[in-house]
file upload20.txt (compact mmCIF, C-alpha atoms)
# COMPACT_ATOMS: atom_id res chain seq x y z
CA MET A 20 16.22 -30.39 24.96
CA PHE A 21 12.89 -29.20 23.62
CA LEU A 22 11.22 -32.54 24.37
CA PHE A 23 12.67 -32.49 27.90
CA LYS A 24 11.26 -28.99 28.56
CA LEU A 25 7.91 -29.98 27.07
CA MET A 26 7.64 -33.07 29.30
CA SER A 27 8.66 -31.02 32.34
CA PHE A 28 5.92 -28.49 31.57
CA LEU A 29 3.29 -31.21 31.13
CA LEU A 30 4.30 -33.08 34.32
CA GLY A 31 5.00 -29.95 36.36
CA TYR A 32 8.22 -28.74 37.96
CA VAL A 33 9.28 -26.53 40.85
CA THR A 34 12.14 -24.17 41.62
CA ILE A 35 13.69 -24.91 45.03
CA LEU A 36 16.30 -23.21 47.19
CA VAL A 37 18.68 -25.54 49.02
CA THR A 38 20.36 -24.15 52.17
CA GLY A 39 22.53 -25.69 54.85
CA GLU A 40 26.15 -26.55 55.61
CA THR A 41 26.82 -28.61 52.46
CA PRO A 42 24.30 -27.82 49.69
CA GLU A 43 26.80 -29.12 47.12
CA LYS A 44 26.64 -32.55 48.73
CA PHE A 45 22.84 -32.39 48.42
CA VAL A 46 23.08 -31.74 44.68
CA ASN A 47 25.65 -34.50 44.13
CA MET A 48 23.65 -37.10 46.07
CA ALA A 49 20.45 -36.21 44.19
CA ALA A 50 22.21 -36.51 40.84
CA SER A 51 23.77 -39.84 41.79
CA ARG A 52 20.32 -41.25 42.57
CA GLY A 53 19.07 -40.39 39.06
CA ILE A 54 17.11 -37.25 39.93
CA CYS A 55 17.21 -34.81 37.01
CA LEU A 56 18.22 -31.29 38.06
CA TRP A 57 18.68 -28.27 35.78
CA GLU A 58 19.39 -24.55 35.88
CA ILE A 59 21.55 -24.96 38.98
CA SER A 60 22.92 -21.63 40.22
CA ARG A 61 24.35 -20.10 43.39
CA SER A 62 21.97 -17.76 45.22
CA GLY A 63 22.95 -14.62 47.07
CA ASP A 64 22.47 -16.05 50.59
CA GLY A 65 24.89 -18.95 50.11
CA GLY A 66 22.28 -21.48 48.98
CA ILE A 67 21.77 -23.18 45.64
CA SER A 68 18.76 -22.61 43.36
CA LEU A 69 17.70 -25.40 41.02
CA LYS A 70 14.71 -26.84 39.16
CA VAL A 71 13.33 -30.36 39.55
CA ARG A 72 10.20 -32.22 38.52
CA VAL A 73 7.33 -32.54 41.01
CA SER A 74 7.58 -36.34 41.12
CA ALA A 75 11.12 -36.13 42.57
CA VAL A 76 10.36 -33.70 45.42
CA LYS A 77 9.21 -36.43 47.86
CA SER A 78 12.42 -38.49 47.44
CA MET A 79 14.55 -35.36 47.97
CA ARG A 80 13.37 -35.07 51.60
CA HIS A 81 15.44 -38.12 52.56
CA ILE A 82 18.48 -36.63 50.83
CA ALA A 83 18.01 -33.39 52.77
CA ARG A 84 18.05 -35.26 56.10
CA ARG A 85 21.19 -37.22 55.12
CA THR A 86 23.09 -34.05 54.16
CA SER A 87 21.77 -31.81 57.00
CA CYS A 88 20.27 -29.44 54.46
CA ARG A 89 16.90 -27.82 54.03
CA PHE A 90 15.04 -26.84 50.87
CA ARG A 91 11.95 -24.82 50.21
CA ILE A 92 9.87 -24.38 47.10
CA ARG A 93 10.13 -20.89 45.61
CA ARG A 94 8.03 -21.30 42.45
CA ARG A 95 5.62 -23.86 41.01
CA GLU A 96 5.28 -24.06 37.22
CA GLY A 97 3.77 -26.38 34.65
CA LEU A 98 0.40 -27.56 33.42
CA PRO A 99 -0.79 -29.23 36.69
CA PHE A 100 -0.34 -26.00 38.66
CA TYR A 101 -2.07 -23.90 35.97
CA CYS A 102 -5.03 -26.27 36.05
CA ALA A 103 -5.17 -26.03 39.84
CA ARG A 104 -5.26 -22.24 39.65
CA LEU A 105 -8.05 -22.34 37.07
CA ARG A 106 -10.09 -24.65 39.31
CA ARG A 107 -9.97 -21.97 41.98
CA ARG A 108 -10.97 -19.29 39.40
CA LYS A 109 -13.82 -20.95 37.55
CA THR A 110 -15.13 -17.66 36.11
CA LEU A 111 -11.81 -16.99 34.38
CA ALA A 112 -11.72 -20.52 32.98
CA LEU A 113 -15.30 -20.24 31.70
CA GLY A 114 -14.49 -16.86 30.16
CA ALA A 115 -11.47 -18.28 28.35
CA VAL A 116 -13.51 -21.21 27.04
CA PHE A 117 -16.29 -18.85 25.94
CA CYS A 118 -13.78 -16.55 24.18
CA LEU A 119 -12.16 -19.45 22.32
CA SER A 120 -15.56 -20.84 21.37
CA THR A 121 -16.68 -17.45 20.08
CA LEU A 122 -13.52 -17.03 18.00
CA TYR A 123 -13.94 -20.51 16.56
CA PHE A 124 -17.59 -19.80 15.77
CA LEU A 125 -16.81 -16.46 14.08
CA SER A 126 -13.98 -18.04 12.06
CA SER A 127 -16.57 -20.32 10.45
CA PHE A 128 -18.04 -17.42 8.46
CA VAL A 129 -16.87 -15.34 5.51
CA TRP A 130 -16.13 -11.77 6.62
CA PHE A 131 -13.92 -10.39 3.83
CA ILE A 132 -14.34 -10.63 0.03
CA GLU A 133 -11.53 -9.40 -2.23
CA VAL A 134 -11.66 -8.98 -6.02
CA ARG A 135 -8.44 -9.02 -8.06
CA GLY A 136 -7.63 -8.64 -11.74
CA ASN A 137 -10.61 -6.43 -12.62
CA GLU A 138 -9.81 -3.40 -14.75
CA GLN A 139 -12.83 -2.87 -17.00
CA LEU A 140 -15.34 -4.38 -14.56
CA SER A 141 -16.06 -2.76 -11.22
CA LYS A 142 -15.75 -4.57 -7.90
CA THR A 143 -19.48 -3.98 -7.27
CA GLU A 144 -20.45 -5.83 -10.47
CA VAL A 145 -18.34 -8.89 -9.63
CA MET A 146 -19.54 -9.04 -6.01
CA GLY A 147 -23.15 -8.60 -7.13
CA VAL A 148 -22.97 -11.66 -9.38
CA ALA A 149 -21.12 -13.60 -6.65
CA ALA A 150 -23.94 -12.73 -4.23
CA GLU A 151 -26.42 -14.38 -6.62
CA ALA A 152 -24.38 -17.58 -6.24
CA GLY A 153 -24.56 -17.31 -2.44
CA LEU A 154 -21.22 -15.63 -1.72
CA ILE A 155 -21.88 -12.69 0.64
CA ARG A 156 -20.36 -11.40 3.85
CA GLY A 157 -21.54 -13.37 6.86
CA VAL A 158 -22.35 -16.60 5.02
CA PRO A 159 -21.06 -19.83 6.62
CA LYS A 160 -17.98 -21.20 4.89
CA TRP A 161 -19.52 -24.63 4.41
CA LYS A 162 -22.27 -23.08 2.28
CA VAL A 163 -19.83 -21.48 -0.18
CA GLU A 164 -19.50 -23.51 -3.39
CA THR A 165 -16.50 -22.05 -5.19
CA GLY A 166 -17.28 -23.90 -8.42
CA ALA A 167 -20.82 -22.52 -8.55
CA VAL A 168 -19.57 -18.97 -7.92
CA GLU A 169 -16.99 -19.27 -10.72
CA ALA A 170 -19.57 -20.60 -13.17
CA LYS A 171 -22.06 -17.85 -12.26
CA ILE A 172 -19.53 -15.07 -12.81
CA GLU A 173 -18.44 -16.43 -16.19
CA GLU A 174 -22.08 -16.88 -17.22
CA ARG A 175 -23.35 -13.44 -16.19
CA LEU A 176 -20.28 -11.38 -17.15
CA PRO A 177 -19.27 -12.01 -20.80
CA LEU A 178 -16.22 -9.79 -20.35
CA VAL A 179 -14.70 -12.37 -17.97
CA ALA A 180 -12.59 -15.07 -19.65
CA TRP A 181 -11.59 -16.96 -16.49
CA THR A 182 -12.51 -16.89 -12.80
CA GLY A 183 -10.91 -18.39 -9.71
CA VAL A 184 -12.48 -18.32 -6.22
CA TYR A 185 -10.21 -19.15 -3.27
CA LEU A 186 -11.35 -19.56 0.33
CA LYS A 187 -8.72 -19.07 3.03
CA GLY A 188 -9.73 -18.50 6.64
CA THR A 189 -12.44 -15.84 6.79
CA ARG A 190 -11.35 -14.26 3.49
CA VAL A 191 -12.53 -15.14 -0.02
CA THR A 192 -10.44 -13.98 -2.98
CA ILE A 193 -12.07 -13.71 -6.41
CA GLU A 194 -9.56 -13.53 -9.27
CA VAL A 195 -10.82 -12.67 -12.74
CA ALA A 196 -9.12 -12.49 -16.12
CA GLU A 197 -10.87 -10.12 -18.52
CA ARG A 198 -11.12 -10.59 -22.27
CA THR A 199 -9.11 -8.28 -24.49
CA LEU A 200 -11.55 -6.69 -26.90
CA PRO A 201 -10.25 -5.60 -30.31
CA VAL A 202 -10.05 -1.85 -30.75
CA GLU A 203 -12.41 -0.70 -33.47
CA GLU A 204 -10.79 1.54 -36.01
CA ASP A 205 -12.22 5.04 -36.07
CA HIS A 206 -13.07 6.15 -39.62
CA HIS A 207 -14.37 9.60 -38.67
CA PRO A 208 -12.36 12.42 -40.28
CA SER A 209 -10.00 13.98 -37.77
CA HIS A 210 -6.94 16.21 -37.55
CA ILE A 211 -3.86 15.74 -35.41
CA VAL A 212 -3.49 18.91 -33.37
CA ALA A 213 -0.87 20.10 -30.92
CA GLY A 214 -1.48 19.18 -27.29
CA LYS A 215 1.33 21.44 -26.06
CA SER A 216 3.37 24.38 -27.22
CA GLY A 217 6.74 23.49 -28.71
CA LEU A 218 9.26 23.65 -31.53
CA ILE A 219 8.75 20.98 -34.21
CA LYS A 220 11.67 18.58 -34.57
CA GLU A 221 10.29 15.88 -36.90
CA VAL A 222 7.03 15.01 -38.65
CA LEU A 223 6.12 11.48 -39.74
CA VAL A 224 2.86 11.24 -41.70
CA VAL A 225 1.04 7.92 -42.07
CA SER A 226 -2.19 9.36 -43.44
CA GLY A 227 -3.31 12.93 -43.93
CA HIS A 228 -1.73 16.18 -45.12
CA PRO A 229 1.21 17.72 -43.20
CA VAL A 230 0.64 21.35 -42.25
CA VAL A 231 3.82 22.06 -40.25
CA LYS A 232 7.49 21.32 -40.87
CA GLU A 233 10.67 21.05 -38.86
CA GLY A 234 11.57 24.30 -37.12
CA ASP A 235 7.98 25.63 -36.84
CA THR A 236 6.69 26.88 -33.48
CA VAL A 237 3.23 25.62 -32.57
CA VAL A 238 0.70 26.38 -29.86
CA PRO A 239 -1.94 24.09 -28.28
CA GLY A 240 -4.82 23.35 -30.65
CA GLN A 241 -2.89 24.15 -33.83
CA VAL A 242 -3.36 21.62 -36.66
CA LEU A 243 -0.22 19.58 -37.30
CA ILE A 244 -1.46 16.90 -39.72
CA SER A 245 -4.71 17.73 -41.49
CA GLY A 246 -7.36 15.11 -42.17
CA GLU A 247 -8.41 17.11 -45.25
CA ILE A 248 -6.30 16.24 -48.28
CA PRO A 249 -6.60 19.17 -50.76
CA ALA A 250 -7.53 18.72 -54.42
CA ILE A 251 -4.62 18.04 -56.75
CA GLU A 252 -4.15 17.97 -60.51
CA GLU A 253 -3.42 14.61 -62.16
CA GLN A 254 -1.51 14.46 -65.47
CA PRO A 255 -2.99 12.15 -68.20
CA ASN A 256 -1.23 8.97 -69.25
CA PRO A 257 1.08 9.33 -72.31
CA GLY A 258 -0.98 6.86 -74.39
CA GLU A 259 -4.25 8.82 -74.09
CA GLU A 260 -5.56 10.70 -77.09
CA GLU A 261 -4.74 14.35 -77.45
CA LYS A 262 -7.34 16.70 -76.16
CA LYS A 263 -9.19 19.10 -78.37
CA PRO A 264 -7.89 22.64 -78.67
CA GLY A 265 -8.87 24.68 -75.64
CA GLN A 266 -9.36 21.60 -73.41
CA LYS A 267 -7.06 21.23 -70.36
CA SER A 268 -4.62 18.36 -70.51
CA SER A 269 -4.81 17.67 -66.73
CA MET A 270 -7.57 16.31 -64.50
CA LEU A 271 -8.50 17.66 -61.04
CA LYS A 272 -8.65 15.07 -58.22
CA PRO A 273 -11.23 16.24 -55.66
CA ALA A 274 -10.39 16.80 -51.98
CA SER A 275 -10.76 13.82 -49.64
CA TYR A 276 -11.18 13.44 -45.89
CA VAL A 277 -9.32 10.85 -43.77
CA HIS A 278 -8.53 10.05 -40.20
CA ALA A 279 -5.10 11.65 -39.88
CA ARG A 280 -2.37 9.47 -38.38
CA GLY A 281 1.26 10.15 -37.70
CA ILE A 282 3.88 11.22 -35.18
CA VAL A 283 4.86 14.82 -34.56
CA ARG A 284 7.79 15.18 -32.19
CA ALA A 285 8.66 18.58 -30.80
CA ARG A 286 10.92 20.21 -28.26
CA VAL A 287 8.82 21.03 -25.21
CA TRP A 288 9.80 22.94 -22.07
CA TYR A 289 8.48 22.35 -18.56
CA GLU A 290 9.00 24.88 -15.80
CA GLY A 291 9.11 24.61 -12.03
CA TYR A 292 9.32 27.33 -9.38
CA GLY A 293 11.03 27.24 -6.00
CA GLU A 294 11.62 29.73 -3.25
CA VAL A 295 13.42 29.44 0.08
CA PRO A 296 13.58 32.16 2.79
CA LEU A 297 16.91 33.14 4.33
CA VAL A 298 15.27 33.04 7.77
CA GLU A 299 12.65 30.34 8.31
CA GLU A 300 10.42 30.04 11.36
CA GLY A 301 7.69 27.56 12.14
CA ARG A 302 6.89 24.30 13.86
CA ARG A 303 8.04 20.80 13.01
CA PRO A 304 7.82 17.30 14.57
CA THR A 305 10.31 16.47 17.30
CA GLY A 306 9.97 12.68 16.91
CA ARG A 307 8.10 12.15 20.17
CA THR A 308 4.70 10.52 19.80
CA GLU A 309 1.83 9.39 22.01
CA THR A 310 -0.83 6.89 20.96
CA ARG A 311 -4.33 6.62 22.41
CA LEU A 312 -6.52 3.57 21.77
CA SER A 313 -10.23 3.82 22.55
CA ILE A 314 -13.61 2.26 21.76
CA LYS A 315 -16.53 4.47 20.70
CA SER A 316 -20.12 3.34 20.84
CA GLU A 317 -23.21 5.53 20.55
CA GLY A 318 -21.38 8.72 21.51
CA LYS A 319 -19.53 7.17 24.46
CA GLU A 320 -15.79 6.61 24.49
CA ILE A 321 -13.80 4.15 26.58
CA ILE A 322 -10.01 4.66 26.60
CA LEU A 323 -8.22 1.31 26.48
CA SER A 324 -4.64 2.60 26.48
CA GLY A 325 -2.84 5.90 26.41
CA SER A 326 -3.23 9.09 28.39
CA GLN A 327 -6.58 10.82 28.66
CA ASN A 328 -4.94 14.25 28.48
CA ILE A 329 -2.74 15.18 25.53
CA PRO A 330 0.85 15.35 26.88
CA PHE A 331 2.11 17.90 24.32
CA GLU A 332 1.55 21.65 24.18
CA HIS A 333 1.83 21.79 20.38
CA TYR A 334 0.93 18.75 18.33
CA GLU A 335 -0.79 17.33 15.26
CA ALA A 336 -3.02 14.27 15.36
CA GLU A 337 -3.51 11.32 13.00
CA THR A 338 -6.74 9.40 13.49
CA PHE A 339 -7.43 5.84 12.32
CA VAL A 340 -10.94 4.38 12.71
CA LYS A 341 -11.84 0.71 12.30
CA SER A 342 -15.44 -0.52 12.35
CA LEU A 343 -16.71 -4.03 12.82
CA PRO A 344 -17.79 -5.65 9.52
CA GLN A 345 -21.51 -5.74 8.75
CA TRP A 346 -23.07 -9.16 9.28
CA ARG A 347 -26.13 -9.68 7.07
CA ASN A 348 -28.37 -6.69 7.95
CA LEU A 349 -26.86 -6.20 11.41
CA ILE A 350 -24.64 -3.15 11.87
CA ILE A 351 -22.73 -3.07 15.16
CA PRO A 352 -22.21 0.62 16.16
CA VAL A 353 -18.77 0.04 17.68
CA GLU A 354 -15.57 1.69 16.42
CA LEU A 355 -11.95 1.16 17.41
CA VAL A 356 -10.27 4.58 17.28
CA THR A 357 -6.50 5.00 17.28
CA ILE A 358 -5.18 8.55 17.62
CA LYS A 359 -1.48 9.21 17.18
CA TYR A 360 -0.24 12.54 18.56
CA LEU A 361 2.99 13.96 17.14
CA GLU A 362 4.74 16.62 19.20
CA LEU A 363 5.65 19.87 17.42
CA SER A 364 8.26 22.40 18.50
CA ASP A 365 9.06 25.92 17.36
CA TYR A 366 12.23 26.42 15.34
CA ARG A 367 14.16 29.22 13.66
CA GLU A 368 16.67 28.47 10.93
CA GLU A 369 18.99 30.93 9.21
CA ARG A 370 20.63 30.20 5.85
CA ASN A 371 23.21 31.89 3.69
CA LEU A 372 22.56 32.72 0.02
CA GLY A 373 24.36 29.64 -1.30
CA GLU A 374 22.43 27.18 0.84
CA ALA A 375 19.10 28.90 0.17
CA ARG A 376 19.72 28.85 -3.61
CA ARG A 377 20.63 25.14 -3.51
CA LEU A 378 17.40 24.26 -1.67
CA ALA A 379 15.33 26.44 -4.03
CA GLU A 380 16.89 24.77 -7.08
CA GLU A 381 16.11 21.31 -5.71
CA SER A 382 12.48 22.32 -5.07
CA ALA A 383 12.07 23.87 -8.53
CA LEU A 384 13.58 20.87 -10.34
CA LYS A 385 11.43 18.49 -8.32
CA GLU A 386 8.29 20.43 -9.27
CA ALA A 387 9.27 20.46 -12.96
CA MET A 388 10.01 16.73 -12.95
CA THR A 389 6.49 15.99 -11.67
CA LEU A 390 5.08 17.57 -14.85
CA LEU A 391 7.01 15.29 -17.22
CA PRO A 392 5.11 12.46 -18.96
CA GLN A 393 6.22 8.93 -18.23
CA ASN A 394 9.14 7.45 -20.18
CA THR A 395 10.30 10.87 -21.35
CA ARG A 396 14.02 11.48 -21.76
CA VAL A 397 15.39 14.81 -20.54
CA GLU A 398 17.44 16.65 -23.17
CA LYS A 399 18.52 19.72 -21.18
CA GLU A 400 17.83 21.39 -17.87
CA TRP A 401 18.87 24.72 -16.40
CA VAL A 402 18.01 27.03 -13.50
CA GLU A 403 17.47 30.78 -13.57
CA GLU A 404 17.23 33.14 -10.61
CA VAL A 405 14.06 35.23 -10.53
CA GLN A 406 14.61 38.91 -9.73
CA THR A 407 11.69 40.97 -8.43
CA GLY A 408 13.51 44.32 -8.44
CA ARG A 409 13.13 44.89 -4.70
CA PRO A 410 15.22 43.71 -1.74
CA GLU A 411 13.77 40.74 0.13
CA LYS A 412 15.02 37.94 2.37
CA LEU A 413 13.98 35.29 -0.09
CA VAL A 414 15.69 33.38 -2.92
CA ARG A 415 13.48 32.65 -5.96
CA VAL A 416 14.53 30.40 -8.85
CA LYS A 417 12.90 28.94 -11.97
CA ALA A 418 13.93 25.52 -13.33
CA VAL A 419 13.42 24.67 -17.01
CA ILE A 420 13.56 21.12 -18.41
CA GLU A 421 13.66 20.48 -22.15
CA VAL A 422 12.34 17.20 -23.59
CA VAL A 423 11.44 15.84 -27.01
CA GLN A 424 8.01 14.19 -27.13
CA ASP A 425 5.07 13.42 -29.37
CA ILE A 426 2.66 16.34 -28.92
CA GLY A 427 -0.06 15.24 -31.36
CA LYS A 428 -3.61 14.29 -30.37
CA ASP A 429 -6.73 13.52 -32.40
CA LYS A 430 -9.49 16.07 -33.01
CA GLN A 431 -12.52 15.12 -35.11
CA PHE A 432 -14.09 17.57 -37.54
CA LYS A 433 -17.02 17.73 -39.90
CA PRO A 434 -16.11 18.12 -43.59

call {"tool": "encode", "arguments": {"input": "upload20.txt", "output": "structure tokens"}}
result
Amino acid sequence: MFLFKLMSFLLGYVTILVTGETPEKFVNMAASRGICLWEISRSGDGGISLKVRVSAVKSMRHIARRTSCRFRIRRREGLPFYCARLRRRKTLALGAVFCLSTLYFLSSFVWFIEVRGNEQLSKTEVMGVAAEAGLIRGVPKWKVETGAVEAKIEERLPLVAWTGVYLKGTRVTIEVAERTLPVEEDHHPSHIVAGKSGLIKEVLVVSGHPVVKEGDTVVPGQVLISGEIPAIEEQPNPGEEEKKPGQKSSMLKPASYVHARGIVRARVWYEGYGEVPLVEEGRRPTGRTETRLSIKSEGKEIILSGSQNIPFEHYEAETFVKSLPQWRNLIIPVELVTIKYLELSDYREERNLGEARRLAEESALKEAMTLLPQNTRVEKEWVEEVQTGRPEKLVRVKAVIEVVQDIGKDKQFKP
């Protein structure tokens, strides 16, 4: 069926209306003589509408005389008729050819360069080295040597372990894989101090001297594990000779300084606040929108679509601006501006105490949850109503979330 429609389009076909005393006889006689007819339907004036190829129209005149019917062409479709129309409108045909040629010419250049996989290196550094290898915006695609660009990036940027340059259409994608550098161990003396207030739950010391214990309350900046190990007394070995009278039998080990390491987990509380009025008034979107598309150039604006006047009394606008990409040193001062207007309407909403408290609790818990560190398990949560001591048409609540987390952080010091 697809091949039949394609051939009909290439050869041209017409839609005709057959009228007369016996249009059915006309259709049957045409079909019996091998003429291909399709989309046959009864028209409102008693005739029959059908489609037939252009090459069969001449032979259908004899059939019309034999059956005392008449037919007239209602629509001409297909490639031959489109070409005939274009011959009469040469300017349109030349414009279409020029547009296609321009698009083909512009698609032969690189307009977009994307860098992926860079975390320690900046996009500017990678694109700067790629530019030394000839990869810049506006360069013809046949001048881009992906192998040379990859070798240049790996040569100039030691942090890059592997590079891949892919050219697709007018976009070039540069993928880099960075080397993982070993983390140098810090030997400077340092304490582990509290980053947050909390109640100590457990202390695990790897190196250093513990200063707090389970059950202690700490505040931010308080030392948890000290990097200063105090002096201690060492007892002599049993086989050593006895000391002279008056001489101490123990030796004093001097204080030492280390980089404290360990884990200090504590119960920490995060709070969130929420309030909801019993009577709320304001403006909110209705769902109706209007979009305006325009072109701006040197202070002048040409509206391509949308209304010139804003159709809403109250609204808020979202503006999106797209500029043409820079080609070499040429900057085209043309911007495509899309403005989306959202209609706003006034509203008044009254709530009872139960509904207002529920909304306030949801807002307070949501605010408290945003303060939690990632991968932190919630131990407890509760909500308290905040009383101000004066009557007001407002419900205020405070949400508290309890978690257990490592609160220690390093702080260097000078012995």

call {"tool": "residues_around", "arguments": {"input": "upload20.txt", "residues": "range 44-60 of chain A", "least_positions_apart": "4", "cutoff": "10 Å", "atoms": "all atoms listed in the file", "output": "list in words"}}
result
Thr34, Ile35, Leu36, Val37, Thr38, Gly39, Glu40, Gly66, Ile67, Ser68, Leu69, Lys70, Val71, Arg72, Ser74, Ala75, Val76, Ser78, Met79, His81, Ile82, Ala83, Arg84, Arg85, Thr86, Ser87, Cys88, Arg89 and Phe90 of chain A

call {"tool": "atom_distance", "arguments": {"input": "upload20.txt", "atom1": "CA of Glu337 in chain A", "atom2": "CA of Tyr360 in chain A"}}
result
6.6 Å

call {"tool": "atom_distance", "arguments": {"input": "upload20.txt", "atom1": "CA of His333 in chain A", "atom2": "CA of Leu361 in chain A"}}
result
8.6 Å

call {"tool": "closest_residue", "arguments": {"input": "upload20.txt", "among": "A:Thr192, A:Ser216, A:Gln345, A:Thr165", "to": "Ile132 in chain A", "atoms": "all atoms listed in the file"}}
result
A:Thr192

call {"tool": "atom_distance", "arguments": {"input": "upload20.txt", "atom1": "CA of Glu221 in chain A", "atom2": "CA of Glu290 in chain A"}}
result
23.0 Å

call {"tool": "axis_aligned_box", "arguments": {"input": "upload20.txt", "around": "range 163-181 of chain A", "padding_each_side": "6 Å", "output": "AutoDock Vina command-line options"}}
result
--center_x -17.5 --center_y -16.8 --center_z -10.5 --size_x 23.8 --size_y 26.1 --size_z 32.6

call {"tool": "residues_around", "arguments": {"input": "upload20.txt", "residues": "Phe124 in chain A", "least_positions_apart": "5", "cutoff": "10 Å", "atoms": "all atoms listed in the file", "output": "MDAnalysis selection string"}}
result
chainID A and resid 118:119 159

call {"tool": "closest_residue", "arguments": {"input": "upload20.txt", "among": "A:Lys359, A:Lys341, A:His210, A:Lys399", "to": "Lys430 in chain A", "atoms": "all atoms listed in the file"}}
result
A:His210

call {"tool": "residues_around", "arguments": {"input": "upload20.txt", "residues": "Val231 in chain A", "least_positions_apart": "2", "cutoff": "8 Å", "atoms": "all atoms listed in the file", "output": "PDB file with C-alpha atoms, in the coordinates of the input"}}
result
ATOM      1  CA  ILE A 219       8.750  20.980 -34.210  1.00  0.00           C
ATOM      2  CA  VAL A 222       7.030  15.010 -38.650  1.00  0.00           C
ATOM      3  CA  PRO A 229       1.210  17.720 -43.200  1.00  0.00           C
ATOM      4  CA  GLU A 233      10.670  21.050 -38.860  1.00  0.00           C
ATOM      5  CA  ASP A 235       7.980  25.630 -36.840  1.00  0.00           C
ATOM      6  CA  LEU A 243      -0.220  19.580 -37.300  1.00  0.00           C
ATOM      7  CA  ILE A 244      -1.460  16.900 -39.720  1.00  0.00           C
TER       8      ILE A 244
END

call {"tool": "closest_residue", "arguments": {"input": "upload20.txt", "among": "A:Glu197, A:Asp425, A:Asp365, A:Glu169", "to": "Asn394 in chain A", "atoms": "all atoms listed in the file"}}
result
A:Asp425

call {"tool": "closest_residue", "arguments": {"input": "upload20.txt", "among": "A:Arg370, A:Arg104, A:Lys315, A:His278", "to": "Glu354 in chain A", "atoms": "all atoms listed in the file"}}
result
A:Lys315

call {"tool": "closest_residue", "arguments": {"input": "upload20.txt", "among": "A:Lys24, A:Lys215, A:Lys142, A:Arg376", "to": "Tyr289 in chain A", "atoms": "only C-alpha atoms"}}
result
A:Lys215

call {"tool": "closest_residue", "arguments": {"input": "upload20.txt", "among": "A:Ala379, A:Ile420, A:Val224, A:Gly318", "to": "Trp288 in chain A", "atoms": "all atoms listed in the file"}}
result
A:Ile420
